[in-house]
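K.L.:
As input, take protein_20.pdb (PDB, C-alpha atoms, pLDDT in the B column):
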ATOM      1  CA  MET A  23     -60.657 -35.235  53.389  1.00 49.00           C
ATOM      2  CA  PRO A  24     -57.425 -36.042  51.532  1.00 55.00           C
ATOM      3  CA  LEU A  25     -54.891 -33.287  51.125  1.00 56.00           C
ATOM      4  CA  THR A  26     -54.515 -31.755  47.679  1.00 57.00           C
ATOM      5  CA  ILE A  27     -50.902 -32.397  46.695  1.00 59.00           C
ATOM      6  CA  ILE A  28     -51.039 -31.854  42.924  1.00 59.00           C
ATOM      7  CA  PRO A  29     -51.025 -28.221  41.735  1.00 62.00           C
ATOM      8  CA  PRO A  30     -53.990 -27.172  39.583  1.00 58.00           C
ATOM      9  CA  GLY A  31     -53.124 -27.315  35.907  1.00 52.00           C
ATOM     10  CA  LEU A  32     -51.361 -30.702  35.997  1.00 49.00           C
ATOM     11  CA  THR A  33     -54.421 -32.949  36.172  1.00 51.00           C
ATOM     12  CA  THR A  34     -56.533 -33.980  33.210  1.00 48.00           C
ATOM     13  CA  GLU A  35     -59.594 -32.251  34.634  1.00 46.00           C
ATOM     14  CA  SER A  36     -57.863 -28.883  34.956  1.00 41.00           C
ATOM     15  CA  THR A  37     -56.420 -28.808  31.428  1.00 43.00           C
ATOM     16  CA  SER A  38     -59.798 -28.254  29.821  1.00 45.00           C
ATOM     17  CA  THR A  39     -59.434 -24.494  30.237  1.00 49.00           C
ATOM     18  CA  GLY A  40     -56.222 -24.427  28.218  1.00 50.00           C
ATOM     19  CA  THR A  41     -55.862 -24.008  24.483  1.00 54.00           C
ATOM     20  CA  SER A  42     -53.563 -25.501  21.898  1.00 56.00           C
ATOM     21  CA  GLU A  43     -54.031 -22.615  19.495  1.00 67.00           C
ATOM     22  CA  LYS A  44     -50.754 -20.917  18.710  1.00 69.00           C
ATOM     23  CA  LYS A  45     -50.626 -17.157  18.896  1.00 74.00           C
ATOM     24  CA  PRO A  46     -49.235 -15.471  15.779  1.00 78.00           C
ATOM     25  CA  TYR A  47     -45.660 -14.302  16.150  1.00 79.00           C
ATOM     26  CA  ASP A  48     -45.426 -10.570  16.788  1.00 86.00           C
ATOM     27  CA  SER A  49     -42.294  -9.169  15.142  1.00 87.00           C
ATOM     28  CA  GLN A  50     -43.136  -5.613  16.275  1.00 95.00           C
ATOM     29  CA  GLU A  51     -42.428  -4.540  12.703  1.00 97.00           C
ATOM     30  CA  PHE A  52     -44.350  -2.606  10.079  1.00 97.00           C
ATOM     31  CA  LEU A  53     -43.911  -3.471   6.410  1.00 97.00           C
ATOM     32  CA  PRO A  54     -45.900  -1.430   3.869  1.00 97.00           C
ATOM     33  CA  ASN A  55     -46.656  -4.486   1.738  1.00 95.00           C
ATOM     34  CA  LYS A  56     -48.771  -5.832   4.613  1.00 95.00           C
ATOM     35  CA  LEU A  57     -51.296  -3.058   4.014  1.00 97.00           C
ATOM     36  CA  THR A  58     -54.335  -3.903   1.922  1.00 96.00           C
ATOM     37  CA  SER A  59     -55.251  -1.793  -1.095  1.00 96.00           C
ATOM     38  CA  GLY A  60     -56.869   1.475  -0.052  1.00 96.00           C
ATOM     39  CA  ASP A  61     -55.531   1.332   3.495  1.00 97.00           C
ATOM     40  CA  SER A  62     -53.098   3.709   5.202  1.00 97.00           C
ATOM     41  CA  GLU A  63     -51.470   4.078   8.605  1.00 98.00           C
ATOM     42  CA  GLU A  64     -49.876   6.958  10.502  1.00 98.00           C
ATOM     43  CA  PHE A  65     -46.440   6.886  12.096  1.00 98.00           C
ATOM     44  CA  ARG A  66     -44.051   9.221  13.866  1.00 98.00           C
ATOM     45  CA  LEU A  67     -40.264   8.899  13.614  1.00 98.00           C
ATOM     46  CA  LEU A  68     -38.541   8.237  16.930  1.00 98.00           C
ATOM     47  CA  GLY A  69     -34.958   9.289  16.483  1.00 97.00           C
ATOM     48  CA  HIS A  70     -32.950   9.372  13.267  1.00 97.00           C
ATOM     49  CA  PHE A  71     -29.645   8.169  11.812  1.00 97.00           C
ATOM     50  CA  GLY A  72     -27.604  10.416  14.075  1.00 96.00           C
ATOM     51  CA  THR A  73     -29.205   8.959  17.195  1.00 97.00           C
ATOM     52  CA  GLY A  74     -28.890   5.349  16.030  1.00 97.00           C
ATOM     53  CA  HIS A  75     -32.581   4.846  15.340  1.00 97.00           C
ATOM     54  CA  MET A  76     -32.539   4.851  11.535  1.00 97.00           C
ATOM     55  CA  LEU A  77     -30.432   2.858   9.076  1.00 96.00           C
ATOM     56  CA  ALA A  78     -30.498   1.839   5.417  1.00 96.00           C
ATOM     57  CA  PRO A  79     -28.843  -1.606   5.216  1.00 97.00           C
ATOM     58  CA  TRP A  80     -29.263  -4.348   2.639  1.00 97.00           C
ATOM     59  CA  ARG A  81     -31.972  -6.889   3.550  1.00 98.00           C
ATOM     60  CA  CYS A  82     -32.155 -10.439   2.196  1.00 98.00           C
ATOM     61  CA  ALA A  83     -34.258 -13.547   2.771  1.00 96.00           C
ATOM     62  CA  VAL A  84     -32.078 -16.417   3.986  1.00 97.00           C
ATOM     63  CA  GLU A  85     -32.323 -20.179   4.428  1.00 96.00           C
ATOM     64  CA  GLU A  86     -30.711 -22.530   6.927  1.00 94.00           C
ATOM     65  CA  LYS A  87     -29.954 -26.240   6.659  1.00 91.00           C
ATOM     66  CA  GLN A  88     -32.077 -28.597   8.747  1.00 91.00           C
ATOM     67  CA  GLY A  89     -30.992 -31.821  10.413  1.00 88.00           C
ATOM     68  CA  ASP A  90     -32.163 -33.855   7.429  1.00 89.00           C
ATOM     69  CA  GLY A  91     -30.128 -31.733   5.035  1.00 86.00           C
ATOM     70  CA  THR A  92     -33.046 -29.774   3.602  1.00 90.00           C
ATOM     71  CA  LEU A  93     -33.102 -25.980   3.445  1.00 93.00           C
ATOM     72  CA  LYS A  94     -35.763 -23.976   5.241  1.00 93.00           C
ATOM     73  CA  PHE A  95     -36.641 -20.271   5.181  1.00 93.00           C
ATOM     74  CA  ALA A  96     -35.009 -18.602   8.189  1.00 93.00           C
ATOM     75  CA  GLY A  97     -36.204 -15.011   8.011  1.00 94.00           C
ATOM     76  CA  TYR A  98     -34.134 -12.030   6.902  1.00 96.00           C
ATOM     77  CA  ASP A  99     -30.549 -10.975   7.456  1.00 97.00           C
ATOM     78  CA  TYR A 100     -29.185  -7.435   7.249  1.00 97.00           C
ATOM     79  CA  SER A 101     -25.787  -6.182   6.130  1.00 97.00           C
ATOM     80  CA  ASN A 102     -23.989  -3.070   4.932  1.00 96.00           C
ATOM     81  CA  GLY A 103     -22.682  -5.040   1.947  1.00 96.00           C
ATOM     82  CA  TYR A 104     -24.717  -6.329  -0.994  1.00 96.00           C
ATOM     83  CA  GLU A 105     -22.609  -9.486  -1.270  1.00 95.00           C
ATOM     84  CA  ASP A 106     -22.688 -10.383   2.424  1.00 96.00           C
ATOM     85  CA  PHE A 107     -25.435 -13.026   2.290  1.00 97.00           C
ATOM     86  CA  PRO A 108     -23.910 -16.504   1.842  1.00 95.00           C
ATOM     87  CA  ASN A 109     -27.195 -18.077   2.995  1.00 95.00           C
ATOM     88  CA  ALA A 110     -29.439 -16.164   0.577  1.00 97.00           C
ATOM     89  CA  ALA A 111     -32.718 -18.009  -0.023  1.00 96.00           C
ATOM     90  CA  ARG A 112     -33.408 -19.658  -3.350  1.00 96.00           C
ATOM     91  CA  GLN A 113     -35.834 -18.070  -5.774  1.00 95.00           C
ATOM     92  CA  THR A 114     -39.388 -19.443  -5.800  1.00 92.00           C
ATOM     93  CA  ASP A 115     -40.979 -20.650  -9.030  1.00 92.00           C
ATOM     94  CA  TRP A 116     -44.413 -19.076  -8.646  1.00 86.00           C
ATOM     95  CA  THR A 117     -45.674 -20.765 -11.834  1.00 90.00           C
ATOM     96  CA  THR A 118     -45.686 -24.185 -10.157  1.00 89.00           C
ATOM     97  CA  PRO A 119     -48.544 -25.352  -7.890  1.00 89.00           C
ATOM     98  CA  ASP A 120     -46.132 -26.367  -5.134  1.00 88.00           C
ATOM     99  CA  ARG A 121     -44.133 -23.125  -5.393  1.00 89.00           C
ATOM    100  CA  ARG A 122     -40.931 -25.107  -5.744  1.00 91.00           C
ATOM    101  CA  LYS A 123     -37.511 -23.582  -5.170  1.00 92.00           C
ATOM    102  CA  ILE A 124     -35.162 -22.958  -8.094  1.00 92.00           C
ATOM    103  CA  GLU A 125     -31.710 -24.370  -7.519  1.00 92.00           C
ATOM    104  CA  ASN A 126     -28.756 -22.015  -8.073  1.00 91.00           C
ATOM    105  CA  GLU A 127     -31.029 -18.982  -8.395  1.00 95.00           C
ATOM    106  CA  PHE A 128     -31.158 -16.767  -5.316  1.00 96.00           C
ATOM    107  CA  VAL A 129     -33.187 -13.802  -4.143  1.00 96.00           C
ATOM    108  CA  LYS A 130     -31.476 -10.450  -4.468  1.00 96.00           C
ATOM    109  CA  PRO A 131     -30.863  -8.209  -1.448  1.00 97.00           C
ATOM    110  CA  LYS A 132     -32.850  -4.991  -1.299  1.00 97.00           C
ATOM    111  CA  ARG A 133     -31.937  -1.691   0.304  1.00 96.00           C
ATOM    112  CA  ALA A 134     -34.289  -1.191   3.251  1.00 96.00           C
ATOM    113  CA  LEU A 135     -35.006   1.897   5.309  1.00 96.00           C
ATOM    114  CA  CYS A 136     -35.225   0.663   8.905  1.00 97.00           C
ATOM    115  CA  ALA A 137     -36.501   3.156  11.456  1.00 97.00           C
ATOM    116  CA  ILE A 138     -37.907   3.170  14.956  1.00 98.00           C
ATOM    117  CA  VAL A 139     -41.405   4.640  14.796  1.00 98.00           C
ATOM    118  CA  TRP A 140     -44.552   5.135  16.804  1.00 98.00           C
ATOM    119  CA  SER A 141     -47.558   3.366  15.281  1.00 98.00           C
ATOM    120  CA  TYR A 142     -50.812   5.241  15.814  1.00 98.00           C
ATOM    121  CA  GLU A 143     -52.711   2.218  14.530  1.00 97.00           C
ATOM    122  CA  ARG A 144     -51.404  -0.053  17.298  1.00 97.00           C
ATOM    123  CA  SER A 145     -50.353   2.617  19.845  1.00 98.00           C
ATOM    124  CA  ARG A 146     -46.846   1.272  20.329  1.00 98.00           C
ATOM    125  CA  VAL A 147     -43.219   1.536  19.240  1.00 98.00           C
ATOM    126  CA  GLU A 148     -42.361  -0.520  16.148  1.00 98.00           C
ATOM    127  CA  LEU A 149     -39.557  -1.080  13.648  1.00 98.00           C
ATOM    128  CA  ALA A 150     -40.574   0.145  10.199  1.00 98.00           C
ATOM    129  CA  VAL A 151     -38.904  -1.847   7.415  1.00 98.00           C
ATOM    130  CA  ILE A 152     -39.418  -0.061   4.105  1.00 97.00           C
ATOM    131  CA  GLU A 153     -38.089  -1.365   0.801  1.00 97.00           C
ATOM    132  CA  GLN A 154     -40.485   0.498  -1.512  1.00 97.00           C
ATOM    133  CA  ARG A 155     -38.616   3.139  -3.527  1.00 95.00           C
ATOM    134  CA  ALA A 156     -41.545   5.573  -3.650  1.00 96.00           C
ATOM    135  CA  ILE A 157     -41.818   5.697   0.140  1.00 97.00           C
ATOM    136  CA  LYS A 158     -38.077   5.987   0.690  1.00 96.00           C
ATOM    137  CA  ASP A 159     -37.712   8.794  -1.838  1.00 96.00           C
ATOM    138  CA  SER A 160     -40.660  10.671  -0.349  1.00 96.00           C
ATOM    139  CA  LEU A 161     -39.248  10.412   3.173  1.00 96.00           C
ATOM    140  CA  VAL A 162     -35.832  11.639   2.046  1.00 95.00           C
ATOM    141  CA  GLU A 163     -37.525  14.656   0.478  1.00 96.00           C
ATOM    142  CA  VAL A 164     -39.466  15.333   3.679  1.00 96.00           C
ATOM    143  CA  LEU A 165     -36.366  15.096   5.871  1.00 95.00           C
ATOM    144  CA  GLN A 166     -34.607  17.644   3.654  1.00 94.00           C
ATOM    145  CA  ASP A 167     -37.448  20.140   4.125  1.00 96.00           C
ATOM    146  CA  ALA A 168     -36.730  22.746   6.807  1.00 93.00           C
ATOM    147  CA  ASP A 169     -40.371  22.652   7.903  1.00 94.00           C
ATOM    148  CA  PHE A 170     -40.020  19.080   9.110  1.00 97.00           C
ATOM    149  CA  GLY A 171     -37.561  18.307  11.873  1.00 96.00           C
ATOM    150  CA  PHE A 172     -37.058  16.837  15.330  1.00 97.00           C
ATOM    151  CA  ASP A 173     -37.639  18.242  18.801  1.00 97.00           C
ATOM    152  CA  ASP A 174     -35.146  18.340  21.677  1.00 97.00           C
ATOM    153  CA  ASN A 175     -35.967  14.700  22.491  1.00 97.00           C
ATOM    154  CA  ASP A 176     -35.155  13.597  18.906  1.00 98.00           C
ATOM    155  CA  ILE A 177     -38.790  12.906  18.050  1.00 98.00           C
ATOM    156  CA  SER A 178     -40.118  14.141  14.711  1.00 98.00           C
ATOM    157  CA  ASN A 179     -42.396  17.173  14.879  1.00 97.00           C
ATOM    158  CA  PHE A 180     -44.536  15.602  12.174  1.00 98.00           C
ATOM    159  CA  VAL A 181     -46.306  12.351  11.392  1.00 98.00           C
ATOM    160  CA  VAL A 182     -46.334  10.490   8.104  1.00 98.00           C
ATOM    161  CA  LYS A 183     -49.248   8.647   6.536  1.00 98.00           C
ATOM    162  CA  ILE A 184     -48.187   5.643   4.460  1.00 98.00           C
ATOM    163  CA  GLY A 185     -50.769   4.322   2.010  1.00 98.00           C
ATOM    164  CA  LYS A 186     -51.118   1.535  -0.514  1.00 97.00           C
ATOM    165  CA  GLN A 187     -53.201   1.238  -3.657  1.00 97.00           C
ATOM    166  CA  GLY A 188     -53.657  -1.687  -6.028  1.00 96.00           C
ATOM    167  CA  ALA A 189     -52.174  -5.163  -6.017  1.00 92.00           C
ATOM    168  CA  GLY A 190     -49.507  -7.157  -7.800  1.00 89.00           C
ATOM    169  CA  LEU A 191     -47.712  -5.254 -10.528  1.00 87.00           C
ATOM    170  CA  GLU A 192     -50.268  -2.441 -10.204  1.00 93.00           C
ATOM    171  CA  THR A 193     -49.351  -1.687  -6.592  1.00 96.00           C
ATOM    172  CA  SER A 194     -48.386   1.863  -5.667  1.00 97.00           C
ATOM    173  CA  TYR A 195     -47.380   3.444  -2.363  1.00 97.00           C
ATOM    174  CA  SER A 196     -47.541   6.974  -0.995  1.00 97.00           C
ATOM    175  CA  LEU A 197     -46.209   8.939   1.958  1.00 97.00           C
ATOM    176  CA  MET A 198     -47.718  12.183   3.187  1.00 97.00           C
ATOM    177  CA  PRO A 199     -46.243  14.265   6.055  1.00 98.00           C
ATOM    178  CA  LYS A 200     -48.259  16.405   8.445  1.00 97.00           C
ATOM    179  CA  PRO A 201     -46.992  18.636  11.283  1.00 97.00           C
ATOM    180  CA  ARG A 202     -48.360  17.555  14.658  1.00 97.00           C
ATOM    181  CA  LYS A 203     -47.417  18.219  18.258  1.00 97.00           C
ATOM    182  CA  VAL A 204     -45.708  15.302  19.974  1.00 98.00           C
ATOM    183  CA  GLU A 205     -48.069  13.536  22.352  1.00 98.00           C
ATOM    184  CA  ALA A 206     -47.004  12.805  25.944  1.00 98.00           C
ATOM    185  CA  GLU A 207     -47.614   9.073  25.403  1.00 98.00           C
ATOM    186  CA  VAL A 208     -45.177   9.040  22.505  1.00 98.00           C
ATOM    187  CA  SER A 209     -42.500  10.954  24.405  1.00 98.00           C
ATOM    188  CA  ALA A 210     -42.722   8.554  27.343  1.00 98.00           C
ATOM    189  CA  ALA A 211     -42.576   5.489  25.113  1.00 98.00           C
ATOM    190  CA  PHE A 212     -39.469   6.678  23.289  1.00 98.00           C
ATOM    191  CA  ALA A 213     -37.718   7.713  26.498  1.00 98.00           C
ATOM    192  CA  ALA A 214     -38.177   4.174  27.805  1.00 98.00           C
ATOM    193  CA  ILE A 215     -36.399   2.522  24.844  1.00 97.00           C
ATOM    194  CA  LYS A 216     -34.202   5.275  23.425  1.00 98.00           C
ATOM    195  CA  GLU A 217     -30.924   3.886  24.758  1.00 97.00           C
ATOM    196  CA  THR A 218     -31.606   0.254  23.856  1.00 97.00           C
ATOM    197  CA  ALA A 219     -33.567   0.295  20.598  1.00 97.00           C
ATOM    198  CA  LYS A 220     -30.625   0.827  18.257  1.00 98.00           C
ATOM    199  CA  VAL A 221     -31.224  -0.253  14.665  1.00 97.00           C
ATOM    200  CA  GLU A 222     -27.590  -1.367  14.219  1.00 97.00           C
ATOM    201  CA  LYS A 223     -28.525  -4.504  16.165  1.00 97.00           C
ATOM    202  CA  LEU A 224     -29.980  -5.806  12.906  1.00 97.00           C
ATOM    203  CA  LEU A 225     -26.475  -6.045  11.449  1.00 97.00           C
ATOM    204  CA  ALA A 226     -25.461  -8.468  14.209  1.00 96.00           C
ATOM    205  CA  GLY A 227     -28.498 -10.715  13.860  1.00 94.00           C
ATOM    206  CA  GLY A 228     -30.433  -9.017  16.643  1.00 96.00           C
ATOM    207  CA  HIS A 229     -33.492  -6.800  16.793  1.00 97.00           C
ATOM    208  CA  PRO A 230     -33.814  -3.297  18.273  1.00 97.00           C
ATOM    209  CA  LEU A 231     -37.092  -4.052  20.048  1.00 97.00           C
ATOM    210  CA  LEU A 232     -37.086  -7.805  20.687  1.00 93.00           C
ATOM    211  CA  GLN A 233     -34.853  -9.420  23.254  1.00 80.00           C
ATOM    212  CA  PRO A 234     -33.066 -12.656  22.316  1.00 69.00           C
ATOM    213  CA  ARG A 235     -34.419 -15.810  23.860  1.00 51.00           C
ATOM    214  CA  ALA A 236     -32.890 -16.535  27.250  1.00 45.00           C
ATOM    215  CA  GLU A 237     -30.310 -19.299  27.322  1.00 40.00           C
ATOM    216  CA  PHE A 238     -30.445 -21.676  30.251  1.00 38.00           C
ATOM    217  CA  ASN A 239     -27.988 -24.311  31.403  1.00 44.00           C
ATOM    218  CA  SER A 240     -27.360 -26.318  34.555  1.00 39.00           C
ATOM    219  CA  GLU A 241     -24.512 -24.048  35.616  1.00 42.00           C
ATOM    220  CA  SER A 242     -26.538 -20.851  35.475  1.00 38.00           C
ATOM    221  CA  SER A 243     -29.682 -22.241  37.116  1.00 36.00           C
ATOM    222  CA  GLU A 244     -30.170 -21.324  40.751  1.00 39.00           C
ATOM    223  CA  PHE A 245     -32.773 -22.752  43.118  1.00 31.00           C
TER     224      PHE A 245
END
Can the structure from this file be put into structure tokens for me?

P.N.:
Amino acid sequence: MPLTIIPPGLTTESTSTGTSEKKPYDSQEFLPNKLTSGDSEEFRLLGHFGTGHMLAPWRCAVEEKQGDGTLKFAGYDYSNGYEDFPNAARQTDWTTPDRRKIENEFVKPKRALCAIVWSYERSRVELAVIEQRAIKDSLVEVLQDADFGFDDNDISNFVVKIGKQGAGLETSYSLMPKPRKVEAEVSAAFAAIKETAKVEKLLAGGHPLLQPRAEFNSESSEF
């Protein structure tokens, strides 16, 4: 019997169990506009501004130039200054079938509340990115209420339910707080990332919860 010298997974026969379907990118973020009308989700604040886990920077969609000279959407940048977005994305003409871009008209930065939270919907730590004025104003009011605070581990002693109603120009958002004892699972999860999940990383092009892709070169490779 001949020896098997090719590892499984490299032959045509063994590739049939694979899949070419791409998994959706998980940004580990919550944005209220992703909710559908009538839906709501519960969250708990993990840390606050004083601990480095909450920030209110400007957020703007940006574009980057491709090799062929065309511009392509490149996500969102964050800054403390409204004018600090030289690569701001062009406005989209939503009246055209191809949703063409409008030259020399750019999207405007928006003030975003960025906070590390625990998602009860997905049972994990996430970055909440909130631009909606109604939600931001409601949270500010809650945080100024003496009945709502943080425990010795800098975890909020309350949860908030964020809801959405309507669509388009008729969309409205709500935030309701509710006192609740901090669960052991939440405490453990925050303790594991408390020192690394700083929201200020957004200002330097990073992310508080996602690690940058590893960079490899011939000098750093070891075998």

K.L.:
Skip stretch 181-192 of chain A itself and residues of its chain fewer than 4 positions away, then list as number ranges by chain all residues within 6 Å of it, counting only C-alpha atoms.

P.N.:
A: 59-66, 196-200

K.L.:
Only C-alpha atoms, please: the residues just picked out, written as a PDB file, in the frame of the given file.

P.N.:
ATOM      1  CA  SER A  59     -55.251  -1.793  -1.095  1.00 96.00           C
ATOM      2  CA  GLY A  60     -56.869   1.475  -0.052  1.00 96.00           C
ATOM      3  CA  ASP A  61     -55.531   1.332   3.495  1.00 97.00           C
ATOM      4  CA  SER A  62     -53.098   3.709   5.202  1.00 97.00           C
ATOM      5  CA  GLU A  63     -51.470   4.078   8.605  1.00 98.00           C
ATOM      6  CA  GLU A  64     -49.876   6.958  10.502  1.00 98.00           C
ATOM      7  CA  PHE A  65     -46.440   6.886  12.096  1.00 98.00           C
ATOM      8  CA  ARG A  66     -44.051   9.221  13.866  1.00 98.00           C
ATOM      9  CA  SER A 196     -47.541   6.974  -0.995  1.00 97.00           C
ATOM     10  CA  LEU A 197     -46.209   8.939   1.958  1.00 97.00           C
ATOM     11  CA  MET A 198     -47.718  12.183   3.187  1.00 97.00           C
ATOM     12  CA  PRO A 199     -46.243  14.265   6.055  1.00 98.00           C
ATOM     13  CA  LYS A 200     -48.259  16.405   8.445  1.00 97.00           C
TER      14      LYS A 200
END

K.L.:
Just the residues within 12 Å of A:Asp48, please, counting all atoms listed in the file, with nothing from its chain fewer than 6 positions along; format it as an NGL selection string.

P.N.:
:A and (148-149 or 231-232)

K.L.:
Counting all atoms listed in the file, write as a list in words all protein and nucleic acid residues lying at most 10 Å from (-40.0, -0.9, -0.1) in the file's frame.

P.N.:
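Every residue inside that radius is included here: Leu53, Pro54, Asn55, Lys132, Arg133, Ala134, Leu135, Val151, Ile152, Glu153, Gln154, Arg155, Ala156, Ile157, Lys158 and Tyr195 of chain A.
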
K.L.:
Interatomic distance between atom CA of A:Glu127 and atom CA of A:Gly227?

P.N.:
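Between these atoms lies a distance of 23.9 Å.
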
K.L.:
Given the choices A:Lys220, A:Arg122, A:Arg112, A:His229, which gets closest to A:Gly74 if the distance is worked out from all atoms listed in the file?

P.N.:
A:Lys220

K.L.:
Near A:Gly97, counting all atoms listed in the file, which residues have an atom at most 10 Å away, once you skip same-chain residues fewer than 4 positions from it, shown as number ranges by chain?

P.N.:
A: 82-86, 111

K.L.:
Hey, what's within 8 Å of stretch 209-217 of chain A if we count only C-alpha atoms and toss same-chain stuff fewer than 5 positions away? As a list in words, please?

P.N.:
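That gives Leu68, Arg146, Val147, Asn175, Ile177 and Val204 of chain A.
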
K.L.:
Just the residues within 12 Å of A:Lys87, please, counting all atoms listed in the file, with nothing from its chain fewer than 4 positions along; format it as a list in words.

P.N.:
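Near A:Lys87, the qualifying residues are Gly91, Thr92, Leu93, Lys94, Phe95, Ala96, Asn109, Ala110 and Ala111 of chain A.
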
K.L.:
Go ahead and dump the residues you just picked, C-alpha atoms, as a CSV table (one decimal), keeping the file's coordinate frame.

P.N.:
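Final output, saved to out-v1.csv:
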chain,number,residue,atom,x,y,z
A,91,GLY,CA,-30.1,-31.7,5.0
A,92,THR,CA,-33.0,-29.8,3.6
A,93,LEU,CA,-33.1,-26.0,3.4
A,94,LYS,CA,-35.8,-24.0,5.2
A,95,PHE,CA,-36.6,-20.3,5.2
A,96,ALA,CA,-35.0,-18.6,8.2
A,109,ASN,CA,-27.2,-18.1,3.0
A,110,ALA,CA,-29.4,-16.2,0.6
A,111,ALA,CA,-32.7,-18.0,0.0

K.L.:
What does the structure give for the distance between atom CA of A:Tyr98 and atom CA of A:Ile138, in Å to one decimal?

P.N.:
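Those two atoms sit 17.6 Å apart.
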
K.L.:
Provide the atom CA of A:Glu105 to atom CA of A:Leu225 distance in Å, to one decimal place.

P.N.:
13.7 Å

K.L.:
Between A:Thr58, A:Asp115, A:Glu51, A:Lys123, which has the minimum distance to A:Ser194 (counting all atoms listed in the file)?

P.N.:
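For A:Ser194, the nearest of the given residues is A:Thr58.
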
K.L.:
For A:Leu67, which of A:Pro79, A:Leu161, A:Arg121, A:Gln50 is the closest residue, counting only C-alpha atoms?

P.N.:
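The closest residue to A:Leu67 is A:Leu161.
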
K.L.:
Calculated over all atoms listed in the file, which of the candidates A:Gly89, A:Ala137, A:Gly228, A:Asp169 has the smallest distance to A:Ala150?

P.N.:
A:Ala137

K.L.:
Could the centre and edge lengths of an axis-aligned box, enclosing all atoms of stretch 84-90 of chain A in the file with 5 Å extra on each side, be given in Å to one decimal as AutoDock Vina command-line options?

P.N.:
--center_x -31.1 --center_y -25.1 --center_z 7.2 --size_x 12.4 --size_y 27.4 --size_z 16.4

K.L.:
Can you patch up stretch 188-193 of chain A, filling it in to all heavy atoms, and show the result as a PDB file, in the coordinates of the input?

P.N.:
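Writing the result to part_27.pdb gives the following:
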ATOM      1  N   GLY A 188     -53.862  -0.656  -5.028  1.00 96.00           N
ATOM      2  CA  GLY A 188     -53.657  -1.687  -6.028  1.00 96.00           C
ATOM      3  C   GLY A 188     -53.057  -2.957  -5.469  1.00 96.00           C
ATOM      4  O   GLY A 188     -52.854  -3.099  -4.266  1.00 96.00           O
ATOM      5  N   ALA A 189     -52.754  -3.877  -6.397  1.00 92.00           N
ATOM      6  CA  ALA A 189     -52.174  -5.163  -6.017  1.00 92.00           C
ATOM      7  C   ALA A 189     -51.290  -5.674  -7.141  1.00 92.00           C
ATOM      8  O   ALA A 189     -51.400  -5.239  -8.294  1.00 92.00           O
ATOM      9  CB  ALA A 189     -53.286  -6.175  -5.702  1.00 92.00           C
ATOM     10  N   GLY A 190     -50.398  -6.586  -6.786  1.00 89.00           N
ATOM     11  CA  GLY A 190     -49.507  -7.157  -7.800  1.00 89.00           C
ATOM     12  C   GLY A 190     -48.647  -6.107  -8.455  1.00 89.00           C
ATOM     13  O   GLY A 190     -48.108  -5.212  -7.799  1.00 89.00           O
ATOM     14  N   LEU A 191     -48.533  -6.201  -9.783  1.00 87.00           N
ATOM     15  CA  LEU A 191     -47.712  -5.254 -10.528  1.00 87.00           C
ATOM     16  C   LEU A 191     -48.327  -3.859 -10.576  1.00 87.00           C
ATOM     17  O   LEU A 191     -47.654  -2.895 -10.967  1.00 87.00           O
ATOM     18  CB  LEU A 191     -47.491  -5.772 -11.961  1.00 87.00           C
ATOM     19  CG  LEU A 191     -46.718  -7.097 -12.078  1.00 87.00           C
ATOM     20  CD1 LEU A 191     -46.627  -7.530 -13.540  1.00 87.00           C
ATOM     21  CD2 LEU A 191     -45.321  -6.954 -11.477  1.00 87.00           C
ATOM     22  N   GLU A 192     -49.581  -3.743 -10.192  1.00 93.00           N
ATOM     23  CA  GLU A 192     -50.268  -2.441 -10.204  1.00 93.00           C
ATOM     24  C   GLU A 192     -50.229  -1.751  -8.845  1.00 93.00           C
ATOM     25  O   GLU A 192     -50.928  -0.763  -8.622  1.00 93.00           O
ATOM     26  CB  GLU A 192     -51.724  -2.631 -10.643  1.00 93.00           C
ATOM     27  CG  GLU A 192     -51.894  -3.275 -11.997  1.00 93.00           C
ATOM     28  CD  GLU A 192     -51.226  -2.472 -13.104  1.00 93.00           C
ATOM     29  OE1 GLU A 192     -51.325  -1.229 -13.066  1.00 93.00           O
ATOM     30  OE2 GLU A 192     -50.612  -3.087 -13.994  1.00 93.00           O
ATOM     31  N   THR A 193     -49.419  -2.256  -7.931  1.00 96.00           N
ATOM     32  CA  THR A 193     -49.351  -1.687  -6.592  1.00 96.00           C
ATOM     33  C   THR A 193     -48.585  -0.363  -6.584  1.00 96.00           C
ATOM     34  O   THR A 193     -47.541  -0.240  -7.222  1.00 96.00           O
ATOM     35  CB  THR A 193     -48.657  -2.658  -5.619  1.00 96.00           C
ATOM     36  OG1 THR A 193     -49.344  -3.906  -5.631  1.00 96.00           O
ATOM     37  CG2 THR A 193     -48.664  -2.107  -4.200  1.00 96.00           C
TER      38      THR A 193
END
